[in-house]
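> Contents of target-v7.tsv (TSV, C-alpha atoms and all ligand atoms) are given next:
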chain	number	residue	atom	x	y	z
A	26	ASP	CA	0.00	0.00	0.00
A	27	PRO	CA	1.79	3.16	-1.17
A	28	PHE	CA	-0.37	5.17	1.28
A	29	ALA	CA	0.64	3.16	4.37
A	30	GLY	CA	3.05	5.92	5.41
A	31	ASP	CA	0.46	8.73	5.28
A	32	PRO	CA	0.15	10.74	8.52
A	33	PRO	CA	-2.76	10.45	11.01
A	34	ARG	CA	-5.60	12.90	10.39
A	35	HIS	CA	-8.13	14.79	12.50
A	36	PRO	CA	-11.41	12.85	12.74
A	37	GLY	CA	-13.40	16.08	12.31
A	38	LEU	CA	-12.41	16.48	8.64
A	39	ARG	CA	-14.99	15.74	5.96
A	40	VAL	CA	-13.28	13.11	3.81
A	41	SER	CA	-13.91	12.87	0.06
A	42	SER	CA	-11.20	10.27	-0.72
A	43	ARG	CA	-8.82	8.30	1.52
A	44	LYS	CA	-6.14	7.15	-0.97
A	45	PRO	CA	-4.98	9.69	-1.97
A	46	PHE	CA	-6.21	11.61	1.06
A	47	ASN	CA	-8.61	14.45	0.29
A	48	ALA	CA	-10.67	16.11	2.98
A	49	GLU	CA	-12.18	19.46	3.81
A	50	THR	CA	-13.07	21.62	6.78
A	51	PRO	CA	-16.73	20.99	7.73
A	52	ALA	CA	-18.85	23.95	6.56
A	53	GLU	CA	-20.10	24.76	10.08
A	54	LEU	CA	-16.53	25.26	11.33
A	55	LEU	CA	-15.14	27.15	8.32
A	56	ALA	CA	-16.06	30.70	9.27
A	57	GLU	CA	-15.63	30.21	13.04
A	58	ARG	CA	-11.98	31.27	12.89
A	59	PHE	CA	-10.20	33.75	10.66
A	60	LEU	CA	-7.13	31.46	10.61
A	61	THR	CA	-8.11	27.87	9.87
A	62	PRO	CA	-6.52	25.52	12.45
A	63	ASN	CA	-3.81	23.38	10.79
A	64	GLU	CA	-5.45	20.06	11.69
A	65	LEU	CA	-8.77	21.19	10.13
A	66	PHE	CA	-7.28	22.85	7.03
A	67	PHE	CA	-8.45	21.11	3.84
A	68	THR	CA	-6.03	18.61	2.32
A	69	ARG	CA	-5.77	18.02	-1.41
A	70	ASN	CA	-3.30	15.23	-2.23
A	71	HIS	CA	-2.93	13.62	-5.65
A	72	LEU	CA	-0.39	11.05	-4.48
A	73	PRO	CA	0.94	9.42	-1.29
A	74	VAL	CA	2.49	11.81	1.25
A	75	PRO	CA	6.30	11.52	0.92
A	76	ALA	CA	8.32	10.84	4.09
A	77	VAL	CA	10.94	13.58	4.11
A	78	ASP	CA	13.83	13.55	6.59
A	79	PRO	CA	14.35	17.22	7.51
A	80	GLY	CA	18.05	16.62	8.24
A	81	SER	CA	18.92	15.34	4.77
A	82	TYR	CA	16.34	17.44	2.88
A	83	ARG	CA	17.81	19.58	0.08
A	84	LEU	CA	15.95	22.05	-2.11
A	85	ARG	CA	17.43	22.06	-5.61
A	86	VAL	CA	17.29	25.46	-7.30
A	87	GLU	CA	18.53	25.47	-10.88
A	88	GLY	CA	20.22	28.78	-11.51
A	89	PRO	CA	21.22	30.46	-14.78
A	90	GLY	CA	24.00	28.85	-16.85
A	91	GLY	CA	23.56	25.38	-15.36
A	92	ARG	CA	24.57	26.41	-11.83
A	93	VAL	CA	22.71	24.50	-9.15
A	94	LEU	CA	21.96	25.79	-5.69
A	95	SER	CA	21.29	23.12	-3.10
A	96	LEU	CA	19.73	24.42	0.12
A	97	SER	CA	19.26	22.53	3.37
A	98	LEU	CA	16.30	23.40	5.56
A	99	SER	CA	18.53	25.30	7.98
A	100	GLU	CA	20.14	27.23	5.10
A	101	LEU	CA	16.72	28.19	3.78
A	102	ARG	CA	15.81	29.40	7.27
A	103	SER	CA	19.06	31.24	8.02
A	104	ARG	CA	20.22	32.67	4.68
A	105	PHE	CA	16.98	34.42	3.77
A	106	PRO	CA	14.83	36.77	5.85
A	107	LYS	CA	11.67	35.16	7.15
A	108	HIS	CA	8.62	36.69	5.51
A	109	GLU	CA	5.09	36.16	6.78
A	110	VAL	CA	1.89	36.37	4.75
A	111	THR	CA	-1.73	35.66	5.68
A	112	ALA	CA	-3.15	33.98	2.61
A	113	THR	CA	-6.20	31.96	1.66
A	114	LEU	CA	-5.69	28.81	-0.42
A	115	GLN	CA	-8.58	27.52	-2.47
A	116	CYS	CA	-8.74	24.36	-4.55
A	117	ALA	CA	-10.06	24.86	-8.09
A	118	GLY	CA	-12.66	22.19	-7.34
A	119	ASN	CA	-14.11	23.92	-4.27
A	120	ARG	CA	-17.95	23.65	-4.38
A	121	ARG	CA	-17.93	21.05	-7.14
A	122	SER	CA	-20.83	19.18	-5.51
A	123	GLU	CA	-22.98	22.27	-6.13
A	124	MET	CA	-21.87	22.37	-9.78
A	125	SER	CA	-22.80	18.70	-10.07
A	126	ARG	CA	-26.35	19.48	-9.01
A	127	VAL	CA	-26.61	21.65	-12.14
A	128	ARG	CA	-24.85	19.13	-14.34
A	129	PRO	CA	-22.68	16.17	-13.26
A	130	VAL	CA	-18.95	16.92	-13.40
A	131	LYS	CA	-15.99	14.62	-12.82
A	132	GLY	CA	-13.78	15.13	-9.77
A	133	LEU	CA	-13.87	15.16	-5.99
A	134	PRO	CA	-17.31	16.14	-4.64
A	135	TRP	CA	-16.13	19.10	-2.56
A	136	ASP	CA	-18.65	21.02	-0.50
A	137	ILE	CA	-17.72	24.65	0.36
A	138	GLY	CA	-14.69	23.77	2.53
A	139	ALA	CA	-11.86	23.20	0.03
A	140	ILE	CA	-10.61	26.62	1.12
A	141	GLY	CA	-8.75	27.84	4.19
A	142	THR	CA	-6.63	30.67	5.52
A	143	ALA	CA	-3.28	30.45	7.28
A	144	ARG	CA	-0.41	32.66	8.34
A	145	TRP	CA	2.45	31.28	6.25
A	146	GLY	CA	6.09	31.89	7.11
A	147	GLY	CA	9.14	31.24	4.98
A	148	ALA	CA	11.66	32.64	2.54
A	149	ARG	CA	10.48	34.78	-0.33
A	150	LEU	CA	10.83	32.86	-3.60
A	151	ARG	CA	12.10	36.15	-5.01
A	152	ASP	CA	15.05	36.24	-2.58
A	153	VAL	CA	16.00	32.64	-3.40
A	154	LEU	CA	15.83	33.25	-7.18
A	155	LEU	CA	17.93	36.43	-6.93
A	156	HIS	CA	20.42	34.57	-4.70
A	157	ALA	CA	20.63	31.82	-7.35
A	158	GLY	CA	21.69	34.47	-9.88
A	159	PHE	CA	18.48	35.42	-11.63
A	160	GLY	CA	17.58	39.05	-12.27
A	161	GLU	CA	14.53	41.17	-11.52
A	162	GLU	CA	13.64	41.20	-15.19
A	163	ARG	CA	13.95	38.55	-17.88
A	164	ALA	CA	13.28	39.35	-21.51
A	165	GLY	CA	10.65	37.11	-23.11
A	166	GLU	CA	8.26	34.61	-21.58
A	167	TRP	CA	9.60	32.60	-18.62
A	168	HIS	CA	8.06	30.38	-16.01
A	169	VAL	CA	9.19	29.16	-12.62
A	170	CYS	CA	8.55	25.42	-12.41
A	171	PHE	CA	8.14	23.54	-9.15
A	172	GLU	CA	8.41	19.81	-8.47
A	173	GLY	CA	7.15	18.01	-5.40
A	174	LEU	CA	8.84	15.02	-3.75
A	175	ASP	CA	5.60	13.05	-4.20
A	176	ALA	CA	5.60	10.90	-7.32
A	177	ASP	CA	3.26	8.56	-9.18
A	178	PRO	CA	4.13	4.83	-9.62
A	179	GLY	CA	5.98	5.72	-12.84
A	180	GLY	CA	8.15	8.20	-10.93
A	181	ALA	CA	6.57	11.40	-12.29
A	182	PRO	CA	6.44	14.04	-9.52
A	183	TYR	CA	3.58	16.46	-8.86
A	184	GLY	CA	4.50	19.72	-10.58
A	185	ALA	CA	3.20	23.16	-11.49
A	186	SER	CA	4.50	26.54	-12.62
A	187	ILE	CA	3.81	30.25	-12.32
A	188	PRO	CA	4.93	33.11	-14.56
A	189	TYR	CA	8.40	34.45	-13.78
A	190	GLY	CA	7.09	37.97	-13.17
A	191	ARG	CA	4.90	36.80	-10.30
A	192	ALA	CA	7.74	34.75	-8.81
A	193	VAL	CA	10.14	37.71	-8.55
A	194	SER	CA	7.60	40.45	-7.83
A	195	PRO	CA	8.04	41.70	-4.24
A	196	GLY	CA	4.34	42.61	-4.15
A	197	ALA	CA	3.19	39.12	-5.12
A	198	ASP	CA	4.45	37.68	-1.81
A	199	VAL	CA	5.26	34.20	-3.20
A	200	LEU	CA	6.79	32.11	-0.41
A	201	LEU	CA	8.84	28.99	0.06
A	202	ALA	CA	7.00	28.35	3.31
A	203	TYR	CA	8.24	26.25	6.21
A	204	GLU	CA	5.69	27.50	8.75
A	205	MET	CA	1.90	27.37	8.90
A	206	ASN	CA	0.16	29.32	11.68
A	207	GLY	CA	3.38	29.50	13.67
A	208	GLU	CA	4.14	25.79	13.55
A	209	GLU	CA	6.33	23.75	11.22
A	210	LEU	CA	4.35	22.62	8.17
A	211	PRO	CA	2.21	19.54	8.89
A	212	ARG	CA	3.08	16.54	6.68
A	213	ASP	CA	-0.20	16.78	4.75
A	214	HIS	CA	0.51	20.43	3.93
A	215	GLY	CA	3.99	19.95	2.50
A	216	PHE	CA	6.56	19.33	5.27
A	217	PRO	CA	9.25	20.56	5.28
A	218	VAL	CA	8.85	23.21	2.51
A	219	ARG	CA	6.02	24.19	0.20
A	220	VAL	CA	5.34	26.98	-2.25
A	221	VAL	CA	2.55	29.42	-1.32
A	222	VAL	CA	1.33	31.51	-4.24
A	223	PRO	CA	-1.19	33.98	-2.78
A	224	GLY	CA	-4.22	34.82	-4.91
A	225	VAL	CA	-3.62	31.90	-7.25
A	226	VAL	CA	-5.38	28.52	-7.57
A	227	GLY	CA	-4.18	26.06	-4.89
A	228	ALA	CA	-2.74	23.68	-7.49
A	229	ARG	CA	0.30	25.96	-8.04
A	230	SER	CA	1.27	25.98	-4.36
A	231	VAL	CA	3.44	22.86	-4.66
A	232	LYS	CA	3.93	20.90	-1.43
A	233	TRP	CA	7.03	18.87	-0.40
A	234	LEU	CA	9.04	21.10	-2.72
A	235	GLY	CA	12.10	19.36	-4.16
A	236	ARG	CA	13.08	21.35	-7.22
A	237	VAL	CA	12.73	24.87	-8.62
A	238	ALA	CA	13.71	25.62	-12.23
A	239	VAL	CA	13.24	28.56	-14.60
A	240	SER	CA	12.06	27.54	-18.02
A	241	ALA	CA	10.82	29.05	-21.28
A	242	ALA	CA	7.85	26.68	-21.09
A	243	GLU	CA	5.29	26.06	-18.38
A	244	SER	CA	5.71	22.98	-16.18
A	245	PRO	CA	5.34	19.82	-18.32
A	246	SER	CA	3.42	18.23	-15.43
A	247	HIS	CA	0.07	16.60	-16.07
A	248	TRP	CA	-1.44	19.04	-13.53
A	249	GLN	CA	-0.23	22.09	-15.43
A	250	GLN	CA	-0.96	20.78	-18.93
A	251	ASN	CA	-4.00	18.47	-18.70
A	252	ASP	CA	-5.92	19.62	-15.65
A	253	TYR	CA	-6.82	22.90	-13.89
A	254	LYS	CA	-8.04	24.64	-17.02
A	255	GLY	CA	-11.40	26.23	-17.80
A	256	PHE	CA	-13.62	25.38	-20.78
A	257	SER	CA	-17.02	26.15	-22.24
A	258	PRO	CA	-19.95	24.09	-20.91
A	259	CYS	CA	-20.22	22.49	-24.38
A	260	VAL	CA	-16.83	20.79	-23.88
A	261	ASP	CA	-16.75	17.42	-22.09
A	262	TRP	CA	-14.14	14.82	-21.15
A	263	ASP	CA	-14.28	13.15	-24.57
A	264	SER	CA	-13.98	16.30	-26.65
A	265	VAL	CA	-11.63	18.40	-24.51
A	266	ASP	CA	-8.44	19.73	-26.09
A	267	TYR	CA	-6.34	20.78	-23.11
A	268	SER	CA	-3.88	22.70	-25.24
A	269	ALA	CA	-6.69	25.09	-26.25
A	270	ALA	CA	-6.94	26.82	-22.85
A	271	PRO	CA	-4.40	28.49	-20.57
A	272	ALA	CA	-3.58	27.02	-17.17
A	273	ILE	CA	-5.62	28.66	-14.41
A	274	GLN	CA	-3.63	31.07	-12.24
A	275	GLU	CA	-5.61	33.81	-10.44
A	276	LEU	CA	-9.04	32.71	-9.24
A	277	PRO	CA	-12.20	34.84	-9.50
A	278	VAL	CA	-14.22	36.32	-6.63
A	279	GLN	CA	-15.98	33.83	-4.38
A	280	SER	CA	-18.39	33.85	-1.44
A	281	ALA	CA	-20.28	31.13	0.40
A	282	ILE	CA	-22.76	30.76	3.23
A	283	THR	CA	-21.43	28.63	6.09
A	284	HIS	CA	-24.48	29.06	8.34
A	285	PRO	CA	-27.28	28.03	8.12
A	286	ARG	CA	-26.69	24.94	5.99
A	287	PRO	CA	-29.03	24.08	3.08
A	288	GLY	CA	-32.31	22.60	4.28
A	289	ALA	CA	-31.72	23.50	7.93
A	290	ALA	CA	-34.60	24.29	10.27
A	291	VAL	CA	-33.95	27.48	12.24
A	292	PRO	CA	-35.88	28.93	15.17
A	293	PRO	CA	-38.18	31.86	14.33
A	294	GLY	CA	-36.87	35.30	15.26
A	295	GLU	CA	-33.47	36.71	14.46
A	296	LEU	CA	-31.38	34.55	12.13
A	297	THR	CA	-27.64	35.08	11.82
A	298	VAL	CA	-26.35	34.21	8.35
A	299	LYS	CA	-22.55	33.69	8.22
A	300	GLY	CA	-20.00	33.07	5.52
A	301	TYR	CA	-16.70	33.82	3.87
A	302	ALA	CA	-15.70	35.94	0.87
A	303	TRP	CA	-12.43	36.03	-1.03
A	304	SER	CA	-11.02	36.96	-4.41
A	305	GLY	CA	-7.95	35.73	-6.22
A	306	GLY	CA	-5.34	38.09	-7.60
A	307	GLY	CA	-5.03	40.09	-4.35
A	308	ARG	CA	-8.22	41.98	-5.18
A	309	ASP	CA	-9.99	43.19	-2.07
A	310	VAL	CA	-13.60	42.17	-1.52
A	311	VAL	CA	-15.35	45.47	-0.84
A	312	ARG	CA	-18.85	44.21	-0.04
A	313	VAL	CA	-20.98	41.12	0.47
A	314	ASP	CA	-24.69	41.32	-0.33
A	315	VAL	CA	-27.12	38.80	1.12
A	316	SER	CA	-30.66	38.06	0.01
A	317	LEU	CA	-33.26	36.08	1.96
A	318	ASP	CA	-35.70	35.96	-0.94
A	319	GLY	CA	-33.70	34.25	-3.65
A	320	GLY	CA	-32.16	37.44	-4.99
A	321	ARG	CA	-35.15	39.76	-5.26
A	322	SER	CA	-34.00	42.08	-2.49
A	323	TRP	CA	-30.58	42.51	-0.91
A	324	ARG	CA	-28.93	43.70	2.29
A	325	VAL	CA	-25.31	44.45	2.98
A	326	ALA	CA	-23.50	42.01	5.32
A	327	ARG	CA	-21.16	43.32	8.01
A	328	TRP	CA	-17.54	42.23	8.36
A	329	VAL	CA	-16.79	40.01	11.32
A	330	GLU	CA	-13.11	39.54	10.64
A	331	GLY	CA	-10.62	40.55	8.05
A	332	GLU	CA	-7.22	42.15	7.74
A	333	ARG	CA	-6.38	45.54	6.31
A	334	ALA	CA	-4.33	44.72	3.24
A	335	ALA	CA	-2.11	46.85	1.02
A	336	LEU	CA	-3.64	47.68	-2.36
A	337	GLY	CA	-3.57	44.62	-4.64
A	338	ARG	CA	-2.35	42.38	-1.82
A	339	ALA	CA	-5.63	41.29	-0.23
A	340	TRP	CA	-4.60	37.63	-0.04
A	341	ALA	CA	-6.88	36.59	2.84
A	342	TRP	CA	-10.57	35.94	3.00
A	343	LYS	CA	-13.00	38.04	4.97
A	344	LEU	CA	-15.66	36.63	7.26
A	345	TRP	CA	-19.09	38.27	7.24
A	346	GLU	CA	-22.49	37.98	8.85
A	347	LEU	CA	-26.00	39.34	8.48
A	348	ARG	CA	-28.78	39.32	11.08
A	349	ALA	CA	-32.31	39.23	9.76
A	350	PRO	CA	-35.76	38.46	11.17
A	351	VAL	CA	-37.37	35.21	10.03
A	352	ALA	CA	-41.06	34.58	10.67
A	353	ALA	CA	-42.32	31.21	11.93
A	354	GLY	CA	-43.54	28.80	9.28
A	355	THR	CA	-41.76	30.48	6.37
A	356	GLU	CA	-39.16	29.18	3.98
A	357	VAL	CA	-36.28	31.44	2.97
A	358	GLU	CA	-33.90	31.10	0.06
A	359	ILE	CA	-30.62	32.67	1.13
A	360	VAL	CA	-28.06	33.71	-1.45
A	361	CYS	CA	-24.90	35.77	-1.14
A	362	LYS	CA	-22.76	37.69	-3.58
A	363	ALA	CA	-19.34	39.23	-3.05
A	364	VAL	CA	-18.13	42.32	-4.88
B	401	LIG	N1	1.68	19.71	-4.20
B	401	LIG	C1	2.07	18.43	-4.32
B	401	LIG	N2	3.39	18.16	-4.27
B	401	LIG	N3	1.18	17.43	-4.51
B	401	LIG	C2	-0.18	17.68	-4.59
B	401	LIG	O1	-0.97	16.75	-4.74
B	401	LIG	N4	-1.96	19.40	-4.57
B	401	LIG	C3	-2.20	20.80	-4.98
B	401	LIG	C4	-1.35	21.76	-4.16
B	401	LIG	N5	0.01	21.32	-4.09
B	401	LIG	C5	-0.62	19.03	-4.48
B	401	LIG	C6	0.36	20.02	-4.25
B	401	LIG	C7	-3.58	21.23	-4.92
B	401	LIG	S1	-4.59	20.82	-6.21
B	401	LIG	C8	-4.05	22.07	-3.93
B	401	LIG	S2	-5.62	22.68	-3.94
B	401	LIG	C9	-3.17	22.44	-2.80
B	401	LIG	O2	-1.89	21.83	-2.86
B	401	LIG	C10	-3.81	22.05	-1.49
B	401	LIG	O3	-2.99	22.37	-0.41
B	401	LIG	P1	-3.33	21.78	1.03
B	401	LIG	O4	-3.47	20.29	0.90
B	401	LIG	O5	-2.22	22.19	1.93
B	401	LIG	O6	-4.64	22.42	1.43
B	402	MO	MO	-6.64	21.78	-5.96
Can I see the file as C-alpha cells?


Amino acid sequence: DPFAGDPPRHPGLRVSSRKPFNAETPAELLAERFLTPNELFFTRNHLPVPAVDPGSYRLRVEGPGGRVLSLSLSELRSRFPKHEVTATLQCAGNRRSEMSRVRPVKGLPWDIGAIGTARWGGARLRDVLLHAGFGEERAGEWHVCFEGLDADPGGAPYGASIPYGRAVSPGADVLLAYEMNGEELPRDHGFPVRVVVPGVVGARSVKWLGRVAVSAAESPSHWQQNDYKGFSPCVDWDSVDYSAAPAIQELPVQSAITHPRPGAAVPPGELTVKGYAWSGGGRDVVRVDVSLDGGRSWRVARWVEGERAALGRAWAWKLWELRAPVAAGTEVEIVCKAV
C-alpha cells in the first residue's frame, strides 16, 4: 500500500477520498476562525504523502547557466529573511458538488470547505531566485517550475508553474513556506517546505518542494498541462483539447454561506447568516450582499473579521455575517454575492 506511510488525520475532517487523502473543513466550522486551524485545514493530495527527513532534505534550485543551488532546511531558514503572509488557499474544485447538481462533473465532490486561511512563514521565492543568480527582469516569456517530492508509480512528480514575473515580484508575496500558523508545516501540507502563491489557484502551491527551475515553457506536469483549465460548458471529457486553454492562475471572486446549511430548520426570530468571501489576484472584496428571498432584495453584510491589506495584496478571505428576522412557518432562500 503506497499510502501506508500517510500521517494520522483529524477525525473532524470531511473526507472525500482516503487514498490519496482528500478532505475538507466541515462547513459549520469554516467561518468560526479567521485562521483555519492546521489540523482542520483542507487537504488536497494527488499522491501518497512523501516521508521527508528534515536533516537530509535539500531544495534544488537550478540557476542560470547550469549552476545548481542546493539548500538545506537550515540554510533556507538562516540565509533568507523570514517573511510572513496571511493567505487563503482555495482548490479549483471547491464547491464542485454544487456544480454537479446543475450538471454532473468529474472530480472530488467538494462542498464549500476546500478553502482555508493560514499565516504562512518562509523565505520569499524572489530572494532565493535572486540569490541563485536570476535578475529582476527577464526578456521574453519565462516560467518558474516547481516539483514536489511526491511521485506517481511511474516516478513522475507532482508539478506546477507560475509566470516568472509573479515569482520575482516583491508585491506578489510568493513564499517557500516552512511554517503554517506559527508551527512547522504539517506533513499533509507539505513538510518541510512548500510553495505558497497567494491569490492563485491552490494547485500551483506545490507541497514537499524538491526542485525549482526557470524555463521558457510552463511545467510539463500533467497538472499544469492536462488539468486545472477552464472550458465552455459544451466541452466534455471526450472532446476536450487541453492545449486550447491556458492554465488557471488567479481565481475569481468567491463567497459562500457557512451558516445556516441548506435545508436546515432554524428557530423563528433573528437569524444570523454567516459566511466567507475572497477573491484571487489580491483583489480586495469590498462588499458582500445577502438576500433572503432568492435574490429579489438585498442587504449588505457586516464584516466580522478581516485584515487591512495593502492595495492589490488582499490575499486573505473576509468573514461576514447578516442578522435578519425570520417569521415562523416560512421558507427562505438565502443567497450571497461578493463584490
Ligand atoms: N503539491 C504536491 N506536491 N502534490 C499535490 O498533490 N496538490 C495541490 C497543491 N500542491 C498538491 C500540491 C492542490 S490541487 C491544492 S488545492 C493544494 O496543494 C492544497 O494544499 P493543502 O493540501 O495544503 O490544502
Ligand atoms: Mo486543488

> Go through region 38-99 of chain A and flag each residue having an atom no more than 8 Å from region 223-235 of chain A; for those, report the closest pair of atoms plus their distance in Å to one decimal, using all atoms listed in the file, ordered by chain and rising number, as CSV.


residue,atom,partner,partner_atom,distance
A:Pro75,CA,A:Trp233,CA,7.5
A:Val77,CA,A:Trp233,CA,8.0
A:Arg83,CA,A:Gly235,CA,7.1
A:Leu84,CA,A:Gly235,CA,5.1
A:Arg85,CA,A:Gly235,CA,6.1

> I need the residue nearest ligand MO 402 (chain B) from this list: A:Ser268, A:Ser41, A:Gln115, A:Gln274. Use all atoms listed in the file for the distance.

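When distances to ligand MO 402 (chain B) are compared using all atoms listed in the file, the smallest one comes from A:Gln115.
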
> How many Å lie between CA of Pro32 (chain A) and CA of Leu60 (chain A), rounded to one decimal?

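Computing the Euclidean distance for CA of Pro32 (chain A) and CA of Leu60 (chain A) yields 22.1 Å.
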
> Please put the answer as AutoDock Vina command-line options: centre and edge lengths, in Å with one decimal, of a box along x, y and z that encloses all listed atoms of region 85-97 of chain A plus 5 Å on each side.


--center_x 20.9 --center_y 26.3 --center_z -6.7 --size_x 17.3 --size_y 18.4 --size_z 30.2

> Show me which residues are within 9 Å of ligand LIG 401 (chain B) counting only C-alpha atoms and all ligand atoms, and format the list as number ranges by chain.

A: 45, 47-49, 66-75, 114-119, 139-141, 171-176, 182-185, 211, 213-215, 219-221, 226-235, 248, 253

> What is the CA of Pro277 (chain A)-CA of Lys254 (chain A) distance in Å, reported with one decimal?

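Computed distance, CA of Pro277 (chain A) to CA of Lys254 (chain A), equals 13.3 Å.
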
> Residues within 12 Å of (2.6, 20.3, 12.5), file coordinates, counting all atoms listed in the file: what are they? Give the list as a ChimeraX atom specification.

/A:32-34,62-66,203-217

> Starting from the structure just given, write a file holding region 275-339 of chain A with C-alpha atoms, as a PDB file, in the first residue's frame.


ATOM      1  CA  GLU A 275      -5.608  33.815 -10.441  1.00  0.00           C
ATOM      2  CA  LEU A 276      -9.037  32.708  -9.240  1.00  0.00           C
ATOM      3  CA  PRO A 277     -12.200  34.837  -9.496  1.00  0.00           C
ATOM      4  CA  VAL A 278     -14.222  36.325  -6.627  1.00  0.00           C
ATOM      5  CA  GLN A 279     -15.981  33.834  -4.376  1.00  0.00           C
ATOM      6  CA  SER A 280     -18.391  33.845  -1.444  1.00  0.00           C
ATOM      7  CA  ALA A 281     -20.275  31.132   0.403  1.00  0.00           C
ATOM      8  CA  ILE A 282     -22.765  30.755   3.232  1.00  0.00           C
ATOM      9  CA  THR A 283     -21.432  28.630   6.086  1.00  0.00           C
ATOM     10  CA  HIS A 284     -24.478  29.055   8.337  1.00  0.00           C
ATOM     11  CA  PRO A 285     -27.283  28.025   8.115  1.00  0.00           C
ATOM     12  CA  ARG A 286     -26.693  24.939   5.985  1.00  0.00           C
ATOM     13  CA  PRO A 287     -29.035  24.084   3.078  1.00  0.00           C
ATOM     14  CA  GLY A 288     -32.306  22.601   4.281  1.00  0.00           C
ATOM     15  CA  ALA A 289     -31.716  23.496   7.934  1.00  0.00           C
ATOM     16  CA  ALA A 290     -34.604  24.290  10.266  1.00  0.00           C
ATOM     17  CA  VAL A 291     -33.946  27.475  12.243  1.00  0.00           C
ATOM     18  CA  PRO A 292     -35.881  28.927  15.173  1.00  0.00           C
ATOM     19  CA  PRO A 293     -38.177  31.863  14.326  1.00  0.00           C
ATOM     20  CA  GLY A 294     -36.867  35.303  15.264  1.00  0.00           C
ATOM     21  CA  GLU A 295     -33.466  36.710  14.460  1.00  0.00           C
ATOM     22  CA  LEU A 296     -31.384  34.555  12.133  1.00  0.00           C
ATOM     23  CA  THR A 297     -27.642  35.081  11.820  1.00  0.00           C
ATOM     24  CA  VAL A 298     -26.351  34.209   8.351  1.00  0.00           C
ATOM     25  CA  LYS A 299     -22.551  33.688   8.222  1.00  0.00           C
ATOM     26  CA  GLY A 300     -20.001  33.073   5.522  1.00  0.00           C
ATOM     27  CA  TYR A 301     -16.700  33.822   3.872  1.00  0.00           C
ATOM     28  CA  ALA A 302     -15.697  35.937   0.874  1.00  0.00           C
ATOM     29  CA  TRP A 303     -12.432  36.029  -1.025  1.00  0.00           C
ATOM     30  CA  SER A 304     -11.025  36.963  -4.407  1.00  0.00           C
ATOM     31  CA  GLY A 305      -7.954  35.732  -6.217  1.00  0.00           C
ATOM     32  CA  GLY A 306      -5.340  38.094  -7.602  1.00  0.00           C
ATOM     33  CA  GLY A 307      -5.025  40.086  -4.354  1.00  0.00           C
ATOM     34  CA  ARG A 308      -8.221  41.984  -5.179  1.00  0.00           C
ATOM     35  CA  ASP A 309      -9.990  43.192  -2.066  1.00  0.00           C
ATOM     36  CA  VAL A 310     -13.603  42.171  -1.517  1.00  0.00           C
ATOM     37  CA  VAL A 311     -15.347  45.468  -0.840  1.00  0.00           C
ATOM     38  CA  ARG A 312     -18.854  44.208  -0.038  1.00  0.00           C
ATOM     39  CA  VAL A 313     -20.984  41.123   0.466  1.00  0.00           C
ATOM     40  CA  ASP A 314     -24.691  41.324  -0.325  1.00  0.00           C
ATOM     41  CA  VAL A 315     -27.120  38.797   1.123  1.00  0.00           C
ATOM     42  CA  SER A 316     -30.659  38.064   0.005  1.00  0.00           C
ATOM     43  CA  LEU A 317     -33.257  36.080   1.956  1.00  0.00           C
ATOM     44  CA  ASP A 318     -35.701  35.956  -0.938  1.00  0.00           C
ATOM     45  CA  GLY A 319     -33.704  34.246  -3.652  1.00  0.00           C
ATOM     46  CA  GLY A 320     -32.156  37.442  -4.993  1.00  0.00           C
ATOM     47  CA  ARG A 321     -35.146  39.764  -5.259  1.00  0.00           C
ATOM     48  CA  SER A 322     -33.997  42.082  -2.492  1.00  0.00           C
ATOM     49  CA  TRP A 323     -30.578  42.509  -0.915  1.00  0.00           C
ATOM     50  CA  ARG A 324     -28.927  43.696   2.290  1.00  0.00           C
ATOM     51  CA  VAL A 325     -25.306  44.446   2.980  1.00  0.00           C
ATOM     52  CA  ALA A 326     -23.500  42.015   5.322  1.00  0.00           C
ATOM     53  CA  ARG A 327     -21.161  43.319   8.007  1.00  0.00           C
ATOM     54  CA  TRP A 328     -17.543  42.234   8.361  1.00  0.00           C
ATOM     55  CA  VAL A 329     -16.786  40.013  11.319  1.00  0.00           C
ATOM     56  CA  GLU A 330     -13.109  39.538  10.643  1.00  0.00           C
ATOM     57  CA  GLY A 331     -10.621  40.551   8.045  1.00  0.00           C
ATOM     58  CA  GLU A 332      -7.218  42.155   7.739  1.00  0.00           C
ATOM     59  CA  ARG A 333      -6.379  45.537   6.308  1.00  0.00           C
ATOM     60  CA  ALA A 334      -4.331  44.719   3.244  1.00  0.00           C
ATOM     61  CA  ALA A 335      -2.114  46.849   1.020  1.00  0.00           C
ATOM     62  CA  LEU A 336      -3.638  47.677  -2.358  1.00  0.00           C
ATOM     63  CA  GLY A 337      -3.572  44.625  -4.640  1.00  0.00           C
ATOM     64  CA  ARG A 338      -2.349  42.376  -1.821  1.00  0.00           C
ATOM     65  CA  ALA A 339      -5.628  41.295  -0.226  1.00  0.00           C
TER      66      ALA A 339
END
